[in-house]
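Working notes, structure below.
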Amino acid sequence: MARMKFLCDAERCIECNGCVTACKNEHEVPWGVNRRRVVTLDDGVPGEKSISVACMHCTDAPCAAVCPVDCFYTTSDGIVLHNKDLCIGCGYCFYACPFGAPQYPQASAFGVRGKMDKCTFCAGGPEADGSAEEEKKYGRNRIAEGKLPLCAEMCATKALVAGDGDVVADIYRKRVLKRGGRPQTWGWETAYKA
Amino acid sequence: MTTPQETRTRGRRRMIWSAVIILCGALVLPLSGYVYVAINEAIAATSAAEQQQTNPRANYWRAVREGNEGYTAASGPYTTSVLIQNGGQNWRQLRNGPVISTLSWLMALMLLGLGAYYALRGPVKLSPPPSSRTIERWTLNERVLHWYTATLFLILAVTGFSLMLGRALLIPWMGLNGFGAWANFATLIHNYLGPFFIIGVVLEIILWVRQAIPKKVDIEWFKAGGGYFGGHAHPSAEKLNAGEKIFVFWIATVVCGITVSISGVLLDFPNLNFSREALQSANLFHGVSAIIYMTIIFMHMYLGSFGVQGALDAMTSGRVSVEWAKQHHDLWYEEARRQGTLEERPAGRPATRSASE
């Protein structure tokens with residue numbers, strides 16, 4: 001089975017937020033919830049770089065380790081999904097996640113958190129693939145349709161790449177070699193010095 | 001044409017200048033060594049700097065890994081402009097490790113210890129048997145406050161520990177869906193009743209702080225193990241004995257109660273927008289203080305019911321038998337009798353307000 005991965009090429013990302021928009025539109029994500037976001041460091045100064053980030057579908061996911069109701073599961077494709085019927089909106093996965101992926105709609109008074117929502121790698125949830133119930137809770141299940149996540153498909157500069165980890169790594173390796181020279185292949189001389 | 005006179009003068013002048021130049025050269029030229037060294041060092045420094053220059057991309061990923069804040073156009077209450085936050089891993093390891101896997105055994109150990117004590121020594125019996133004469137120990141207000149706080153405590157403990165330990169203890173038994181339903185309900189109850197518990201804790205502290213100030217006699221009480229162990233006679237105690245003062249009042253109600261309240265407020269109100277770091281620490285403080293609180297309250301519940309004959313009356317009817325007062329709180333009994341603030345009345349006769357003042 002494939003091991004699904006996201007990769008964002010910081011040399012290519014132009015902070016157009018197309019991935020964010022594509023995701024929001026595809027899954028009808030509620031206002032204030034961002035399954036994906038673009039973060040820019042050194043914004044407006046030389047060396048500025050942007051990265052699109054969402055759930056990284058960790059192999060040993062911290063969110064799953066701290067969930068009191070054990071609502072997370074990993075698919076055979078290595079995609080980390082969760083069951084909203086079990087979720088209690090405690091916020092622990094948000095405390096634990098290094099990437100700030102879990103999001104919560106405001107449910108009621110005092111800002112009480114609703115059911116957690118996060119990137120599903122366009123793979124839906126525990127309901128039957130492509131069912132109306134699944135789409136309502138988790139958005140479209142593109143993986144079941146044989147498609148890749150829409151954010152990566154939409155990326156204009158192909159900075160965001162998604163899919164089988166081996167293929168993604170291969171694409172990135174070819175890019176790095178093609179760019180050539182320092183500093184793109186920084187460390188090459190150290191690693192492969194005769 | 002030059003005269004021999006002029007030739008001599010010129011020769012002398014040449015000699016003087018030569019001497020001056022030689023002298024100056026001898027003084028200054030050796031200093032040029034410093035210039036040579038300085039230039040060499042400068043060259044070495046620049047080439048080293050060239051060699052050690054870090055890749056700007058490496059610096060970028062370093063900044064990401066260090067959790068530096070950037071800019072993001074996306075907005076939402078849980079949308080952060082930090083790419084990688086490191087606190088989460090520490091929180092996860094502390095919560096799942098020392099707090100849940102280790103510290104929560106305190107509660108089990110306390111229950112085991114109390115069970116073993118009860119099995120081996122049984123309850124602390126009243127000697128002599130209680131007569132019909134009773135003394136008022138807790139006023140109606142105090143009892144209402146106690147049971148208000150106690151009821152909320154038990155509800156919060158059951159719901160809270162369900163969330164903390166349920167994944168390990170309840171999911172294998174109830175299944176994912178069954179526990180999920182219970183946890184959803186428990187979270188709701190826990191979040192909405194929490195603030196009412198704080199009121200109880202604060203009022204209890206205000207009401208009982210003066211009685212709970214430790215005195216010299218309390219050291220003796222601890223030295224005698226409270227009379228619970230070995231052949232010690234029951235040590236002297238005021239209205240609150242040293243165990244009640246230190247464990248139940250100061251450690252449980254004051255320290256754990258206040259810690260659990262403050263951290264609980266942070267966790268209970270996401271609309272106050274506390275940072276992830278603050279919520280991570282609040283969660284740890286909440287868990288640790290709740291475990292210690294619960295452990296002490298297990299002991300308190302045991303000693304207030306099965307453990308000590310006649311103790312429960314104090315918090316139900318508010319009156320204890322005179323014999324019980326003499327056995328367990330002799331100094332309180334003596335003091336009250338000397339000051340005449342307590343009237344001993346047969347049990348069953350209605351209490352008068354003045355007796356409690």
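Letters A, B, ... go to the chains of the structure tokens in the order shown; residues in each chain start at 1; ligands are counted from 1 in the same order.
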
Query raised in the report: If you count only C-alpha atoms, which residues fall within 7 Å of range 11-26 of chain A, apart from same-chain ones fewer than 3 positions away, as a list in words?
Result: Val29, Arg36, Arg37, Val38, Ser50, Ile51, Arg140, Leu150, Cys151, Ala152, Met154, Cys155, Thr157 and Ala159 of chain A

Requested in this report: From range 56-146 of chain A, collect each residue whose DSSP state is helix (DSSP H, G or I) and return the set as a PyMOL selection string.
Outcome: chain A and resi 62-66+92-96+109-111+132-138

Export C-alpha atoms of the chosen residues as an mmCIF file, in the first residue's frame?
```
data_model
loop_
_atom_site.group_PDB
_atom_site.id
_atom_site.type_symbol
_atom_site.label_atom_id
_atom_site.label_comp_id
_atom_site.auth_asym_id
_atom_site.auth_seq_id
_atom_site.Cartn_x
_atom_site.Cartn_y
_atom_site.Cartn_z
ATOM 1 C CA PRO A 62 0.416 12.897 18.901
ATOM 2 C CA CYS A 63 -3.300 13.707 18.544
ATOM 3 C CA ALA A 64 -4.152 10.010 18.582
ATOM 4 C CA ALA A 65 -1.912 9.475 21.618
ATOM 5 C CA VAL A 66 -3.706 12.042 23.775
ATOM 6 C CA TYR A 92 -6.267 17.907 23.595
ATOM 7 C CA CYS A 93 -5.334 17.100 19.995
ATOM 8 C CA PHE A 94 -4.840 20.828 19.384
ATOM 9 C CA TYR A 95 -2.519 21.053 22.411
ATOM 10 C CA ALA A 96 -0.511 18.052 21.214
ATOM 11 C CA ALA A 109 -21.819 29.534 24.799
ATOM 12 C CA PHE A 110 -18.392 30.302 26.318
ATOM 13 C CA GLY A 111 -16.666 29.302 23.078
ATOM 14 C CA ALA A 132 -23.959 11.880 1.996
ATOM 15 C CA GLU A 133 -23.354 11.515 5.737
ATOM 16 C CA GLU A 134 -19.594 11.279 5.224
ATOM 17 C CA GLU A 135 -19.574 14.316 2.960
ATOM 18 C CA LYS A 136 -21.567 16.355 5.481
ATOM 19 C CA LYS A 137 -19.183 15.592 8.350
ATOM 20 C CA TYR A 138 -15.802 15.294 6.666
#
```

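What chain B places within 6 Å of chain A, counting only C-alpha atoms, is Gly70, Tyr71, Thr72, Ala74, Gly76, Tyr78, Ser81, Leu83, Ile84, Gln85, Gly88, Leu163, Arg167, Gly180, Asn184, Phe269, Pro270, Asn271 and Arg276 of chain B.
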
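Closest approach to Glu127 in chain A from the set A:Ala2, A:Leu148, A:Leu81, A:Val161 is made by A:Leu81, with distances taken over only C-alpha atoms.
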
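If you look at CA of Ala119 in chain B and CA of Phe298 in chain B, they are 16.3 Å away from each other.
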
**Report entry** Straight-line distance linking CA of Gly125 in chain A with CA of Ala107 in chain A, stated in Å to one decimal
**Finding:** 20.4 Å

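When CA of Val202 in chain B is paired with CA of Gly257 in chain B, their separation reads 8.5 Å.
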
Query raised in the report: If you run DSSP on the backbone, which residues of range 133-339 of chain B are strand (DSSP E), as an MDAnalysis selection string?
Result: chainID B and resid 133:136 319:321

List every residue of range 166-275 of chain B that has an atom at most 10 Å from any atom of range 145-148 of chain B, and for each one report the closest atom pair and its distance in Å to one decimal, counting only C-alpha atoms, with rows sorted by chain and then by increasing residue number, as a Markdown table.
```
| residue | atom | partner | partner_atom | distance |
| --- | --- | --- | --- | --- |
| B:Phe196 | CA | B:Tyr148 | CA | 9.3 |
| B:Phe197 | CA | B:Tyr148 | CA | 8.3 |
| B:Ile199 | CA | B:Leu145 | CA | 9.7 |
| B:Gly200 | CA | B:Leu145 | CA | 6.6 |
| B:Val201 | CA | B:Leu145 | CA | 9.2 |
| B:Leu203 | CA | B:Leu145 | CA | 7.8 |
| B:Glu204 | CA | B:Leu145 | CA | 7.1 |
| B:Leu207 | CA | B:Leu145 | CA | 9.5 |
```

N, CA and C atoms of the current selection, written as a PDB file, in the first residue's frame:
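Result written to out-v5.pdb:
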```
ATOM      1  N   PHE B 196     -19.315  26.103  39.522  1.00  0.00           N
ATOM      2  CA  PHE B 196     -20.078  26.095  40.782  1.00  0.00           C
ATOM      3  C   PHE B 196     -19.267  25.485  41.914  1.00  0.00           C
ATOM      4  N   PHE B 197     -18.390  24.546  41.546  1.00  0.00           N
ATOM      5  CA  PHE B 197     -17.526  23.923  42.547  1.00  0.00           C
ATOM      6  C   PHE B 197     -16.554  24.954  43.135  1.00  0.00           C
ATOM      7  N   ILE B 199     -17.058  28.035  43.728  1.00  0.00           N
ATOM      8  CA  ILE B 199     -17.743  28.797  44.778  1.00  0.00           C
ATOM      9  C   ILE B 199     -17.664  28.037  46.093  1.00  0.00           C
ATOM     10  N   GLY B 200     -17.926  26.723  46.044  1.00  0.00           N
ATOM     11  CA  GLY B 200     -17.877  25.902  47.254  1.00  0.00           C
ATOM     12  C   GLY B 200     -16.501  25.911  47.889  1.00  0.00           C
ATOM     13  N   VAL B 201     -15.467  25.755  47.054  1.00  0.00           N
ATOM     14  CA  VAL B 201     -14.088  25.716  47.572  1.00  0.00           C
ATOM     15  C   VAL B 201     -13.742  27.029  48.264  1.00  0.00           C
ATOM     16  N   LEU B 203     -15.747  29.365  49.537  1.00  0.00           N
ATOM     17  CA  LEU B 203     -16.505  29.555  50.776  1.00  0.00           C
ATOM     18  C   LEU B 203     -15.986  28.651  51.892  1.00  0.00           C
ATOM     19  N   GLU B 204     -15.623  27.428  51.561  1.00  0.00           N
ATOM     20  CA  GLU B 204     -15.081  26.506  52.573  1.00  0.00           C
ATOM     21  C   GLU B 204     -13.792  27.052  53.166  1.00  0.00           C
ATOM     22  N   LEU B 207     -14.648  29.928  55.442  1.00  0.00           N
ATOM     23  CA  LEU B 207     -15.378  29.509  56.636  1.00  0.00           C
ATOM     24  C   LEU B 207     -14.498  28.788  57.644  1.00  0.00           C
TER      25      LEU B 207
END
```
